[in-house]
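**Student:** The file below is target.tsv, TSV, N, CA and C atoms:
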```tsv
chain	number	residue	atom	x	y	z
A	225	MET	N	106.82	76.19	91.32
A	225	MET	CA	107.33	77.51	91.03
A	225	MET	C	107.10	78.40	92.24
A	226	ASN	N	108.08	79.21	92.56
A	226	ASN	CA	108.02	80.13	93.69
A	226	ASN	C	106.84	81.09	93.54
A	227	SER	N	106.10	81.31	94.64
A	227	SER	CA	104.91	82.16	94.62
A	227	SER	C	105.26	83.60	94.23
A	228	LEU	N	106.37	84.13	94.74
A	228	LEU	CA	106.77	85.50	94.40
A	228	LEU	C	107.10	85.59	92.91
A	229	PHE	N	107.74	84.57	92.38
A	229	PHE	CA	108.07	84.54	90.95
A	229	PHE	C	106.80	84.54	90.12
A	230	LYS	N	105.82	83.71	90.49
A	230	LYS	CA	104.54	83.67	89.78
A	230	LYS	C	103.86	85.03	89.81
A	231	HIS	N	103.88	85.65	90.99
A	231	HIS	CA	103.22	86.95	91.15
A	231	HIS	C	103.91	88.00	90.29
A	232	THR	N	105.23	87.96	90.23
A	232	THR	CA	105.99	88.91	89.41
A	232	THR	C	105.65	88.73	87.94
A	233	ILE	N	105.54	87.49	87.49
A	233	ILE	CA	105.18	87.23	86.10
A	233	ILE	C	103.79	87.79	85.80
A	234	ILE	N	102.85	87.59	86.72
A	234	ILE	CA	101.49	88.10	86.52
A	234	ILE	C	101.51	89.62	86.40
A	235	ILE	N	102.26	90.29	87.25
A	235	ILE	CA	102.34	91.76	87.20
A	235	ILE	C	102.93	92.21	85.87
A	236	VAL	N	104.01	91.58	85.45
A	236	VAL	CA	104.66	91.97	84.18
A	236	VAL	C	103.70	91.76	83.01
A	237	LEU	N	103.02	90.62	82.98
A	237	LEU	CA	102.06	90.38	81.91
A	237	LEU	C	100.90	91.37	81.95
A	238	SER	N	100.43	91.68	83.15
A	238	SER	CA	99.35	92.67	83.28
A	238	SER	C	99.78	94.03	82.75
A	239	LEU	N	101.00	94.43	83.09
A	239	LEU	CA	101.50	95.71	82.59
A	239	LEU	C	101.61	95.70	81.08
A	240	PHE	N	102.10	94.61	80.53
A	240	PHE	CA	102.23	94.51	79.08
A	240	PHE	C	100.87	94.64	78.41
A	241	ILE	N	99.91	93.91	78.90
A	241	ILE	CA	98.57	93.91	78.30
A	241	ILE	C	97.89	95.26	78.47
A	242	THR	N	97.96	95.85	79.68
A	242	THR	CA	97.26	97.11	79.91
A	242	THR	C	97.97	98.30	79.31
A	243	ASN	N	99.23	98.17	79.00
A	243	ASN	CA	99.98	99.30	78.44
A	243	ASN	C	99.94	99.37	76.93
A	244	ILE	N	99.26	98.45	76.28
A	244	ILE	CA	99.21	98.46	74.83
A	244	ILE	C	98.73	99.81	74.31
A	245	GLY	N	97.77	100.43	75.00
A	245	GLY	CA	97.24	101.72	74.57
A	245	GLY	C	98.23	102.86	74.64
A	246	ILE	N	99.20	102.78	75.54
A	246	ILE	CA	100.18	103.87	75.64
A	246	ILE	C	101.59	103.42	75.30
A	247	ALA	N	101.76	102.16	74.92
A	247	ALA	CA	103.09	101.63	74.65
A	247	ALA	C	103.71	102.18	73.38
A	248	GLN	N	102.94	102.82	72.53
A	248	GLN	CA	103.45	103.32	71.27
A	248	GLN	C	104.28	104.60	71.45
A	249	THR	N	104.19	105.22	72.59
A	249	THR	CA	104.85	106.50	72.79
A	249	THR	C	106.29	106.37	73.26
A	250	LYS	N	107.10	107.32	72.87
A	250	LYS	CA	108.49	107.38	73.34
A	250	LYS	C	108.56	108.00	74.73
A	251	ASN	N	107.45	108.54	75.20
A	251	ASN	CA	107.41	109.27	76.46
A	251	ASN	C	106.92	108.40	77.61
A	252	LEU	N	107.04	107.10	77.48
A	252	LEU	CA	106.59	106.16	78.50
A	252	LEU	C	107.53	106.19	79.70
A	253	LYS	N	106.98	106.34	80.90
A	253	LYS	CA	107.76	106.29	82.14
A	253	LYS	C	107.10	105.31	83.08
A	254	VAL	N	107.92	104.55	83.80
A	254	VAL	CA	107.44	103.56	84.74
A	254	VAL	C	108.10	103.81	86.09
A	255	ALA	N	107.31	103.72	87.16
A	255	ALA	CA	107.85	103.88	88.51
A	255	ALA	C	107.18	102.87	89.43
A	256	GLU	N	107.95	102.38	90.39
A	256	GLU	CA	107.41	101.53	91.44
A	256	GLU	C	107.39	102.36	92.71
A	257	VAL	N	106.22	102.47	93.32
A	257	VAL	CA	106.07	103.34	94.49
A	257	VAL	C	105.29	102.64	95.59
A	258	LYS	N	105.58	103.01	96.82
A	258	LYS	CA	104.88	102.48	97.98
A	258	LYS	C	103.50	103.12	98.05
A	259	VAL	N	102.47	102.27	98.12
A	259	VAL	CA	101.09	102.73	98.31
A	259	VAL	C	100.49	101.83	99.37
A	260	TYR	N	100.04	102.41	100.47
A	260	TYR	CA	99.51	101.63	101.58
A	260	TYR	C	98.10	101.14	101.30
A	261	GLY	N	97.80	99.95	101.81
A	261	GLY	CA	96.49	99.35	101.65
A	261	GLY	C	96.55	97.93	102.17
A	262	ASN	N	95.44	97.20	102.08
A	262	ASN	CA	95.39	95.86	102.66
A	262	ASN	C	94.85	94.76	101.77
A	263	CYS	N	93.83	95.04	100.98
A	263	CYS	CA	93.03	93.94	100.45
A	263	CYS	C	92.62	94.16	98.99
A	264	GLY	N	91.75	93.28	98.52
A	264	GLY	CA	91.24	93.36	97.16
A	264	GLY	C	90.42	94.61	96.89
A	265	MET	N	89.67	95.07	97.90
A	265	MET	CA	88.92	96.33	97.73
A	265	MET	C	89.89	97.49	97.56
A	266	CYS	N	90.97	97.47	98.34
A	266	CYS	CA	91.99	98.52	98.21
A	266	CYS	C	92.57	98.49	96.79
A	267	LYS	N	92.90	97.30	96.32
A	267	LYS	CA	93.47	97.13	94.98
A	267	LYS	C	92.57	97.77	93.93
A	268	LYS	N	91.27	97.47	94.00
A	268	LYS	CA	90.33	98.03	93.02
A	268	LYS	C	90.32	99.55	93.05
A	269	LYS	N	90.26	100.12	94.27
A	269	LYS	CA	90.18	101.59	94.39
A	269	LYS	C	91.49	102.26	93.97
A	270	ILE	N	92.62	101.68	94.36
A	270	ILE	CA	93.92	102.24	94.00
A	270	ILE	C	94.10	102.21	92.49
A	271	GLU	N	93.83	101.06	91.89
A	271	GLU	CA	94.02	100.94	90.44
A	271	GLU	C	93.03	101.80	89.66
A	272	LYS	N	91.79	101.89	90.14
A	272	LYS	CA	90.81	102.76	89.46
A	272	LYS	C	91.27	104.21	89.49
A	273	ALA	N	91.78	104.65	90.65
A	273	ALA	CA	92.25	106.04	90.77
A	273	ALA	C	93.48	106.28	89.90
A	274	GLY	N	94.32	105.28	89.74
A	274	GLY	CA	95.57	105.45	89.00
A	274	GLY	C	95.50	105.15	87.52
A	275	ASN	N	94.36	104.66	87.04
A	275	ASN	CA	94.23	104.31	85.63
A	275	ASN	C	93.45	105.37	84.87
A	276	ALA	N	94.00	105.76	83.74
A	276	ALA	CA	93.31	106.68	82.83
A	276	ALA	C	93.68	106.23	81.42
A	277	LYS	N	92.70	105.82	80.64
A	277	LYS	CA	92.93	105.24	79.32
A	277	LYS	C	93.84	106.13	78.47
A	278	GLY	N	94.92	105.53	77.99
A	278	GLY	CA	95.87	106.24	77.13
A	278	GLY	C	96.78	107.20	77.86
A	279	VAL	N	96.63	107.29	79.19
A	279	VAL	CA	97.41	108.25	79.97
A	279	VAL	C	98.26	107.54	81.03
A	280	SER	N	97.62	106.66	81.81
A	280	SER	CA	98.35	105.97	82.88
A	280	SER	C	97.71	104.63	83.20
A	281	THR	N	98.55	103.73	83.68
A	281	THR	CA	98.05	102.46	84.22
A	281	THR	C	98.73	102.23	85.56
A	282	THR	N	97.99	101.62	86.46
A	282	THR	CA	98.50	101.33	87.79
A	282	THR	C	98.16	99.88	88.13
A	283	VAL	N	99.16	99.15	88.58
A	283	VAL	CA	98.97	97.78	89.06
A	283	VAL	C	99.51	97.75	90.48
A	284	TRP	N	98.63	97.42	91.44
A	284	TRP	CA	99.01	97.44	92.85
A	284	TRP	C	99.12	96.03	93.39
A	285	ASP	N	100.20	95.75	94.13
A	285	ASP	CA	100.45	94.45	94.73
A	285	ASP	C	100.21	94.55	96.23
A	286	ALA	N	99.14	93.93	96.72
A	286	ALA	CA	98.77	94.02	98.14
A	286	ALA	C	99.80	93.39	99.06
A	287	LYS	N	100.46	92.34	98.61
A	287	LYS	CA	101.43	91.64	99.47
A	287	LYS	C	102.61	92.52	99.85
A	288	ILE	N	103.05	93.34	98.92
A	288	ILE	CA	104.23	94.17	99.19
A	288	ILE	C	103.89	95.67	99.22
A	289	GLU	N	102.61	95.99	99.07
A	289	GLU	CA	102.12	97.37	99.09
A	289	GLU	C	102.91	98.27	98.13
A	290	MET	N	103.11	97.77	96.93
A	290	MET	CA	103.81	98.54	95.90
A	290	MET	C	102.93	98.65	94.66
A	291	ALA	N	102.96	99.82	94.06
A	291	ALA	CA	102.23	100.04	92.81
A	291	ALA	C	103.24	100.27	91.70
A	292	THR	N	102.98	99.65	90.57
A	292	THR	CA	103.77	99.92	89.37
A	292	THR	C	102.91	100.85	88.52
A	293	ILE	N	103.40	102.06	88.33
A	293	ILE	CA	102.65	103.08	87.61
A	293	ILE	C	103.38	103.36	86.30
A	294	THR	N	102.63	103.28	85.20
A	294	THR	CA	103.16	103.56	83.88
A	294	THR	C	102.39	104.74	83.32
A	295	ILE	N	103.12	105.74	82.83
A	295	ILE	CA	102.47	106.95	82.33
A	295	ILE	C	103.00	107.36	80.96
A	296	ASP	N	102.21	108.12	80.26
A	296	ASP	CA	102.66	108.88	79.10
A	296	ASP	C	103.03	110.25	79.68
A	297	SER	N	104.32	110.54	79.74
A	297	SER	CA	104.79	111.75	80.42
A	297	SER	C	104.38	113.04	79.72
A	298	THR	N	103.85	112.96	78.50
A	298	THR	CA	103.35	114.18	77.84
A	298	THR	C	101.94	114.52	78.31
A	299	LYS	N	101.29	113.56	79.02
A	299	LYS	CA	99.90	113.75	79.43
A	299	LYS	C	99.71	113.84	80.94
A	300	THR	N	100.65	113.30	81.73
A	300	THR	CA	100.53	113.33	83.18
A	300	THR	C	101.91	113.10	83.79
A	301	SER	N	101.94	113.02	85.11
A	301	SER	CA	103.19	112.73	85.83
A	301	SER	C	102.91	111.68	86.89
A	302	ILE	N	103.96	111.06	87.37
A	302	ILE	CA	103.81	110.09	88.46
A	302	ILE	C	103.19	110.81	89.66
A	303	ASP	N	103.62	112.03	89.93
A	303	ASP	CA	103.06	112.81	91.06
A	303	ASP	C	101.55	112.99	90.93
A	304	GLN	N	101.08	113.30	89.72
A	304	GLN	CA	99.64	113.49	89.52
A	304	GLN	C	98.87	112.21	89.81
A	305	VAL	N	99.42	111.08	89.40
A	305	VAL	CA	98.76	109.80	89.67
A	305	VAL	C	98.75	109.53	91.17
A	306	LEU	N	99.86	109.79	91.84
A	306	LEU	CA	99.92	109.56	93.29
A	306	LEU	C	98.96	110.47	94.04
A	307	LYS	N	98.79	111.70	93.57
A	307	LYS	CA	97.81	112.60	94.20
A	307	LYS	C	96.40	112.03	94.07
A	308	LYS	N	96.07	111.50	92.88
A	308	LYS	CA	94.74	110.92	92.67
A	308	LYS	C	94.51	109.73	93.59
A	309	ILE	N	95.54	108.93	93.78
A	309	ILE	CA	95.42	107.77	94.66
A	309	ILE	C	95.20	108.24	96.10
A	310	ALA	N	95.88	109.27	96.52
A	310	ALA	CA	95.70	109.81	97.87
A	310	ALA	C	94.29	110.37	98.06
A	311	THR	N	93.71	110.94	97.00
A	311	THR	CA	92.37	111.53	97.14
A	311	THR	C	91.29	110.48	97.41
A	312	VAL	N	91.58	109.20	97.12
A	312	VAL	CA	90.59	108.15	97.41
A	312	VAL	C	90.90	107.42	98.72
A	313	GLY	N	91.91	107.92	99.48
A	313	GLY	CA	92.14	107.41	100.82
A	313	GLY	C	93.41	106.63	101.05
A	314	TYR	N	94.30	106.58	100.07
A	314	TYR	CA	95.48	105.73	100.20
A	314	TYR	C	96.78	106.53	100.24
A	315	ASP	N	97.43	106.49	101.42
A	315	ASP	CA	98.73	107.14	101.57
A	315	ASP	C	99.72	106.48	100.63
A	316	ASN	N	100.69	107.26	100.18
A	316	ASN	CA	101.76	106.72	99.36
A	316	ASN	C	103.05	107.43	99.72
A	317	GLU	N	104.11	107.12	99.03
A	317	GLU	CA	105.40	107.67	99.44
A	317	GLU	C	105.53	109.18	99.24
A	318	LYS	N	104.60	109.79	98.53
A	318	LYS	CA	104.67	111.24	98.32
A	318	LYS	C	103.51	112.01	98.94
A	319	TYR	N	102.33	111.40	99.00
A	319	TYR	CA	101.14	112.12	99.45
A	319	TYR	C	100.38	111.34	100.52
A	320	ARG	N	99.86	112.07	101.48
A	320	ARG	CA	99.05	111.47	102.54
A	320	ARG	C	97.59	111.79	102.27
A	321	ALA	N	96.75	110.78	102.38
A	321	ALA	CA	95.31	110.97	102.19
A	321	ALA	C	94.76	111.85	103.31
A	322	GLU	N	93.72	112.60	102.99
A	322	GLU	CA	93.04	113.38	104.02
A	322	GLU	C	92.49	112.43	105.07
A	323	ASP	N	92.60	112.80	106.34
A	323	ASP	CA	92.11	111.94	107.42
A	323	ASP	C	90.63	111.61	107.24
A	324	SER	N	89.85	112.60	106.81
A	324	SER	CA	88.40	112.37	106.66
A	324	SER	C	88.11	111.34	105.57
A	325	VAL	N	88.93	111.29	104.53
A	325	VAL	CA	88.74	110.32	103.46
A	325	VAL	C	89.20	108.94	103.94
A	326	TYR	N	90.35	108.90	104.59
A	326	TYR	CA	90.85	107.64	105.14
A	326	TYR	C	89.83	107.04	106.12
A	327	ASP	N	89.25	107.88	106.98
A	327	ASP	CA	88.29	107.41	107.99
A	327	ASP	C	87.05	106.77	107.37
A	328	LYS	N	86.73	107.13	106.12
A	328	LYS	CA	85.56	106.58	105.45
A	328	LYS	C	85.84	105.26	104.73
A	329	LEU	N	87.11	104.83	104.68
A	329	LEU	CA	87.43	103.55	104.06
A	329	LEU	C	86.79	102.43	104.85
A	330	HIS	N	86.43	101.35	104.17
A	330	HIS	CA	85.89	100.16	104.83
A	330	HIS	C	86.90	99.70	105.89
A	331	GLY	N	86.43	99.09	106.95
A	331	GLY	CA	87.29	98.67	108.05
A	331	GLY	C	88.48	97.83	107.61
A	332	CYS	N	88.28	96.91	106.67
A	332	CYS	CA	89.40	96.06	106.25
A	332	CYS	C	90.42	96.84	105.41
A	333	CYS	N	90.03	98.00	104.94
A	333	CYS	CA	90.92	98.83	104.11
A	333	CYS	C	91.74	99.83	104.94
A	334	GLN	N	91.42	99.94	106.23
A	334	GLN	CA	92.13	100.91	107.06
A	334	GLN	C	93.45	100.30	107.53
A	335	TYR	N	94.48	100.59	106.78
A	335	TYR	CA	95.83	100.10	106.98
A	335	TYR	C	96.51	100.88	108.10
A	336	ASP	N	97.63	100.37	108.58
A	336	ASP	CA	98.43	101.11	109.57
A	336	ASP	C	99.09	102.26	108.83
A	337	ARG	N	98.74	103.47	109.24
A	337	ARG	CA	99.23	104.66	108.54
A	337	ARG	C	100.61	105.05	109.04
A	338	PRO	N	101.45	105.52	108.14
A	338	PRO	CA	102.74	106.07	108.58
A	338	PRO	C	102.49	107.36	109.35
A	339	ALA	N	103.41	107.70	110.22
A	339	ALA	CA	103.26	108.91	111.03
A	339	ALA	C	103.24	110.15	110.13
A	340	LYS	N	102.47	111.15	110.55
A	340	LYS	CA	102.44	112.42	109.81
A	340	LYS	C	103.79	113.11	109.96
A	341	THR	N	104.19	113.77	108.89
A	341	THR	CA	105.41	114.56	108.94
A	341	THR	C	105.04	116.02	108.76
A	342	ASN	N	105.76	116.89	109.38
A	342	ASN	CA	105.51	118.33	109.25
A	342	ASN	C	106.37	118.86	108.11
A	343	LYS	N	105.72	119.14	106.98
A	343	LYS	CA	106.45	119.69	105.83
A	343	LYS	C	105.97	121.07	105.55
```
Could I get this structure in the form of structure tokens?
**Tutor:**
Amino acid sequence: MNSLFKHTIIIVLSLFITNIGIAQTKNLKVAEVKVYGNCGMCKKKIEKAGNAKGVSTTVWDAKIEMATITIDSTKTSIDQVLKKIATVGYDNEKYRAEDSVYDKLHGCCQYDRPAKTNK
């Protein structure tokens, strides 16, 4: 079986299992977003920042640097989850982590950062 296919199945099953707590709501929203990182330590920190019981779940794939975020839209937003992920040092498609927080990441977690934009 193709490795990417296996990985996709694992992500889908993980989302199904972890979303049981919020799957009852009609306000469920799912987004796939770019979140930079490198390794298993990054995965733990990104998912911990993006998970809130009954509110949101985050599953991050290190190989493709993508997070699947599922939320109850009556309790939070995708933006709020992405802000939380940035506060622990991980740039994403909407928010850039503070340089001082990024600099404190373990050496293996310091990914190649996208260039700063002036907004």
**Student:** Neighbours of region 268-274 of chain A within 6 Å (all atoms listed in the file; same-chain residues fewer than 2 positions away dropped), as number ranges by chain?
**Tutor:** A: 264-266, 276, 280-284, 305, 308-309
**Student:** What would the file look like if the residues just selected were written as a JSON list (two decimals), keeping the file's coordinate frame with N, CA and C atoms?
**Tutor:**
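Wrote selection20.json, looks like this:
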```
[["chain", "number", "residue", "atom", "x", "y", "z"],
["A", 264, "GLY", "N", 91.75, 93.28, 98.52],
["A", 264, "GLY", "CA", 91.24, 93.36, 97.16],
["A", 264, "GLY", "C", 90.42, 94.61, 96.89],
["A", 265, "MET", "N", 89.67, 95.07, 97.90],
["A", 265, "MET", "CA", 88.92, 96.33, 97.73],
["A", 265, "MET", "C", 89.89, 97.49, 97.56],
["A", 266, "CYS", "N", 90.97, 97.47, 98.34],
["A", 266, "CYS", "CA", 91.99, 98.52, 98.21],
["A", 266, "CYS", "C", 92.57, 98.49, 96.79],
["A", 276, "ALA", "N", 94.00, 105.76, 83.74],
["A", 276, "ALA", "CA", 93.31, 106.68, 82.83],
["A", 276, "ALA", "C", 93.68, 106.23, 81.42],
["A", 280, "SER", "N", 97.62, 106.66, 81.81],
["A", 280, "SER", "CA", 98.35, 105.97, 82.88],
["A", 280, "SER", "C", 97.71, 104.63, 83.20],
["A", 281, "THR", "N", 98.55, 103.73, 83.68],
["A", 281, "THR", "CA", 98.05, 102.46, 84.22],
["A", 281, "THR", "C", 98.73, 102.23, 85.56],
["A", 282, "THR", "N", 97.99, 101.62, 86.46],
["A", 282, "THR", "CA", 98.50, 101.33, 87.79],
["A", 282, "THR", "C", 98.16, 99.88, 88.13],
["A", 283, "VAL", "N", 99.16, 99.15, 88.58],
["A", 283, "VAL", "CA", 98.97, 97.78, 89.06],
["A", 283, "VAL", "C", 99.51, 97.75, 90.48],
["A", 284, "TRP", "N", 98.63, 97.42, 91.44],
["A", 284, "TRP", "CA", 99.01, 97.44, 92.85],
["A", 284, "TRP", "C", 99.12, 96.03, 93.39],
["A", 305, "VAL", "N", 99.42, 111.08, 89.40],
["A", 305, "VAL", "CA", 98.76, 109.80, 89.67],
["A", 305, "VAL", "C", 98.75, 109.53, 91.17],
["A", 308, "LYS", "N", 96.07, 111.50, 92.88],
["A", 308, "LYS", "CA", 94.74, 110.92, 92.67],
["A", 308, "LYS", "C", 94.51, 109.73, 93.59],
["A", 309, "ILE", "N", 95.54, 108.93, 93.78],
["A", 309, "ILE", "CA", 95.42, 107.77, 94.66],
["A", 309, "ILE", "C", 95.20, 108.24, 96.10]]
```
**Student:** Quick one: distance from CA of Tyr314 (chain A) to CA of Ala255 (chain A) in Å, one decimal?
**Tutor:**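 Going from CA of Tyr314 (chain A) over to CA of Ala255 (chain A), I get 17.1 Å.
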**Student:** Under the rule that only C-alpha atoms are counted, which of A:Gly313, A:Gly278, A:Gly331, A:Gly261 is the nearest residue to Thr300 (chain A)?
**Tutor:** A:Gly278
**Student:** Would you list, as a PDB file with N, CA and C atoms, keeping the file's coordinate frame, the residues of region 254-318 of chain A that end up in strand (DSSP E) under DSSP run on this structure's backbone?
**Tutor:**
```pdb
ATOM      1  N   VAL A 254     107.920 104.550  83.800  1.00  0.00           N
ATOM      2  CA  VAL A 254     107.440 103.560  84.740  1.00  0.00           C
ATOM      3  C   VAL A 254     108.100 103.810  86.090  1.00  0.00           C
ATOM      4  N   ALA A 255     107.310 103.720  87.160  1.00  0.00           N
ATOM      5  CA  ALA A 255     107.850 103.880  88.510  1.00  0.00           C
ATOM      6  C   ALA A 255     107.180 102.870  89.430  1.00  0.00           C
ATOM      7  N   GLU A 256     107.950 102.380  90.390  1.00  0.00           N
ATOM      8  CA  GLU A 256     107.410 101.530  91.440  1.00  0.00           C
ATOM      9  C   GLU A 256     107.390 102.360  92.710  1.00  0.00           C
ATOM     10  N   VAL A 257     106.220 102.470  93.320  1.00  0.00           N
ATOM     11  CA  VAL A 257     106.070 103.340  94.490  1.00  0.00           C
ATOM     12  C   VAL A 257     105.290 102.640  95.590  1.00  0.00           C
ATOM     13  N   LYS A 258     105.580 103.010  96.820  1.00  0.00           N
ATOM     14  CA  LYS A 258     104.880 102.480  97.980  1.00  0.00           C
ATOM     15  C   LYS A 258     103.500 103.120  98.050  1.00  0.00           C
ATOM     16  N   SER A 280      97.620 106.660  81.810  1.00  0.00           N
ATOM     17  CA  SER A 280      98.350 105.970  82.880  1.00  0.00           C
ATOM     18  C   SER A 280      97.710 104.630  83.200  1.00  0.00           C
ATOM     19  N   THR A 281      98.550 103.730  83.680  1.00  0.00           N
ATOM     20  CA  THR A 281      98.050 102.460  84.220  1.00  0.00           C
ATOM     21  C   THR A 281      98.730 102.230  85.560  1.00  0.00           C
ATOM     22  N   THR A 282      97.990 101.620  86.460  1.00  0.00           N
ATOM     23  CA  THR A 282      98.500 101.330  87.790  1.00  0.00           C
ATOM     24  C   THR A 282      98.160  99.880  88.130  1.00  0.00           C
ATOM     25  N   VAL A 283      99.160  99.150  88.580  1.00  0.00           N
ATOM     26  CA  VAL A 283      98.970  97.780  89.060  1.00  0.00           C
ATOM     27  C   VAL A 283      99.510  97.750  90.480  1.00  0.00           C
ATOM     28  N   TRP A 284      98.630  97.420  91.440  1.00  0.00           N
ATOM     29  CA  TRP A 284      99.010  97.440  92.850  1.00  0.00           C
ATOM     30  C   TRP A 284      99.120  96.030  93.390  1.00  0.00           C
ATOM     31  N   ASP A 285     100.200  95.750  94.130  1.00  0.00           N
ATOM     32  CA  ASP A 285     100.450  94.450  94.730  1.00  0.00           C
ATOM     33  C   ASP A 285     100.210  94.550  96.230  1.00  0.00           C
ATOM     34  N   MET A 290     103.110  97.770  96.930  1.00  0.00           N
ATOM     35  CA  MET A 290     103.810  98.540  95.900  1.00  0.00           C
ATOM     36  C   MET A 290     102.930  98.650  94.660  1.00  0.00           C
ATOM     37  N   ALA A 291     102.960  99.820  94.060  1.00  0.00           N
ATOM     38  CA  ALA A 291     102.230 100.040  92.810  1.00  0.00           C
ATOM     39  C   ALA A 291     103.240 100.270  91.700  1.00  0.00           C
ATOM     40  N   THR A 292     102.980  99.650  90.570  1.00  0.00           N
ATOM     41  CA  THR A 292     103.770  99.920  89.370  1.00  0.00           C
ATOM     42  C   THR A 292     102.910 100.850  88.520  1.00  0.00           C
ATOM     43  N   ILE A 293     103.400 102.060  88.330  1.00  0.00           N
ATOM     44  CA  ILE A 293     102.650 103.080  87.610  1.00  0.00           C
ATOM     45  C   ILE A 293     103.380 103.360  86.300  1.00  0.00           C
ATOM     46  N   THR A 294     102.630 103.280  85.200  1.00  0.00           N
ATOM     47  CA  THR A 294     103.160 103.560  83.880  1.00  0.00           C
ATOM     48  C   THR A 294     102.390 104.740  83.320  1.00  0.00           C
ATOM     49  N   ILE A 295     103.120 105.740  82.830  1.00  0.00           N
ATOM     50  CA  ILE A 295     102.470 106.950  82.330  1.00  0.00           C
ATOM     51  C   ILE A 295     103.000 107.360  80.960  1.00  0.00           C
ATOM     52  N   ASP A 296     102.210 108.120  80.260  1.00  0.00           N
ATOM     53  CA  ASP A 296     102.660 108.880  79.100  1.00  0.00           C
ATOM     54  C   ASP A 296     103.030 110.250  79.680  1.00  0.00           C
TER      55      ASP A 296
END
```
**Student:** Could you tell me which of A:Cys263, A:Ala286, A:Val257, A:Ile295 comes closest to Tyr319 (chain A) if we count only C-alpha atoms?
**Tutor:**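 For Tyr319 (chain A), the nearest of the given residues is A:Val257.
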**Student:** Could you tell me how far atom N of Glu289 (chain A) sits from CA of Asp315 (chain A), in Å to one decimal place?
**Tutor:**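 These two atoms are separated by 12.1 Å.
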**Student:** State, in Å with one decimal place, the distance from CA of Met290 (chain A) to atom N of Arg320 (chain A).
**Tutor:**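 These atoms are spaced 15.2 Å apart.
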**Student:** Can you check which residues of region 292-331 of chain A DSSP gives as helix (DSSP H, G or I) on the backbone and send them as a PyMOL selection string?
**Tutor:** chain A and resi 302-311+323-327+331
**Student:** Just want the 8 Å neighbourhood of region 326-329 of chain A, counted on only N, CA and C atoms, with same-chain residues fewer than 4 positions away dropped. Output as a JSON list (two decimals) with N, CA and C atoms, in the coordinates of the input.
**Tutor:**
```
[["chain", "number", "residue", "atom", "x", "y", "z"],
["A", 310, "ALA", "N", 95.88, 109.27, 96.52],
["A", 310, "ALA", "CA", 95.70, 109.81, 97.87],
["A", 310, "ALA", "C", 94.29, 110.37, 98.06],
["A", 311, "THR", "N", 93.71, 110.94, 97.00],
["A", 311, "THR", "CA", 92.37, 111.53, 97.14],
["A", 311, "THR", "C", 91.29, 110.48, 97.41],
["A", 312, "VAL", "N", 91.58, 109.20, 97.12],
["A", 312, "VAL", "CA", 90.59, 108.15, 97.41],
["A", 312, "VAL", "C", 90.90, 107.42, 98.72],
["A", 313, "GLY", "N", 91.91, 107.92, 99.48],
["A", 313, "GLY", "CA", 92.14, 107.41, 100.82],
["A", 313, "GLY", "C", 93.41, 106.63, 101.05],
["A", 314, "TYR", "N", 94.30, 106.58, 100.07],
["A", 314, "TYR", "CA", 95.48, 105.73, 100.20],
["A", 314, "TYR", "C", 96.78, 106.53, 100.24],
["A", 315, "ASP", "N", 97.43, 106.49, 101.42],
["A", 315, "ASP", "CA", 98.73, 107.14, 101.57],
["A", 315, "ASP", "C", 99.72, 106.48, 100.63],
["A", 321, "ALA", "N", 96.75, 110.78, 102.38],
["A", 321, "ALA", "CA", 95.31, 110.97, 102.19],
["A", 321, "ALA", "C", 94.76, 111.85, 103.31],
["A", 322, "GLU", "N", 93.72, 112.60, 102.99],
["A", 322, "GLU", "CA", 93.04, 113.38, 104.02],
["A", 322, "GLU", "C", 92.49, 112.43, 105.07],
["A", 333, "CYS", "N", 90.03, 98.00, 104.94],
["A", 333, "CYS", "CA", 90.92, 98.83, 104.11],
["A", 333, "CYS", "C", 91.74, 99.83, 104.94],
["A", 334, "GLN", "N", 91.42, 99.94, 106.23],
["A", 334, "GLN", "CA", 92.13, 100.91, 107.06],
["A", 334, "GLN", "C", 93.45, 100.30, 107.53],
["A", 335, "TYR", "N", 94.48, 100.59, 106.78],
["A", 335, "TYR", "CA", 95.83, 100.10, 106.98],
["A", 335, "TYR", "C", 96.51, 100.88, 108.10]]
```
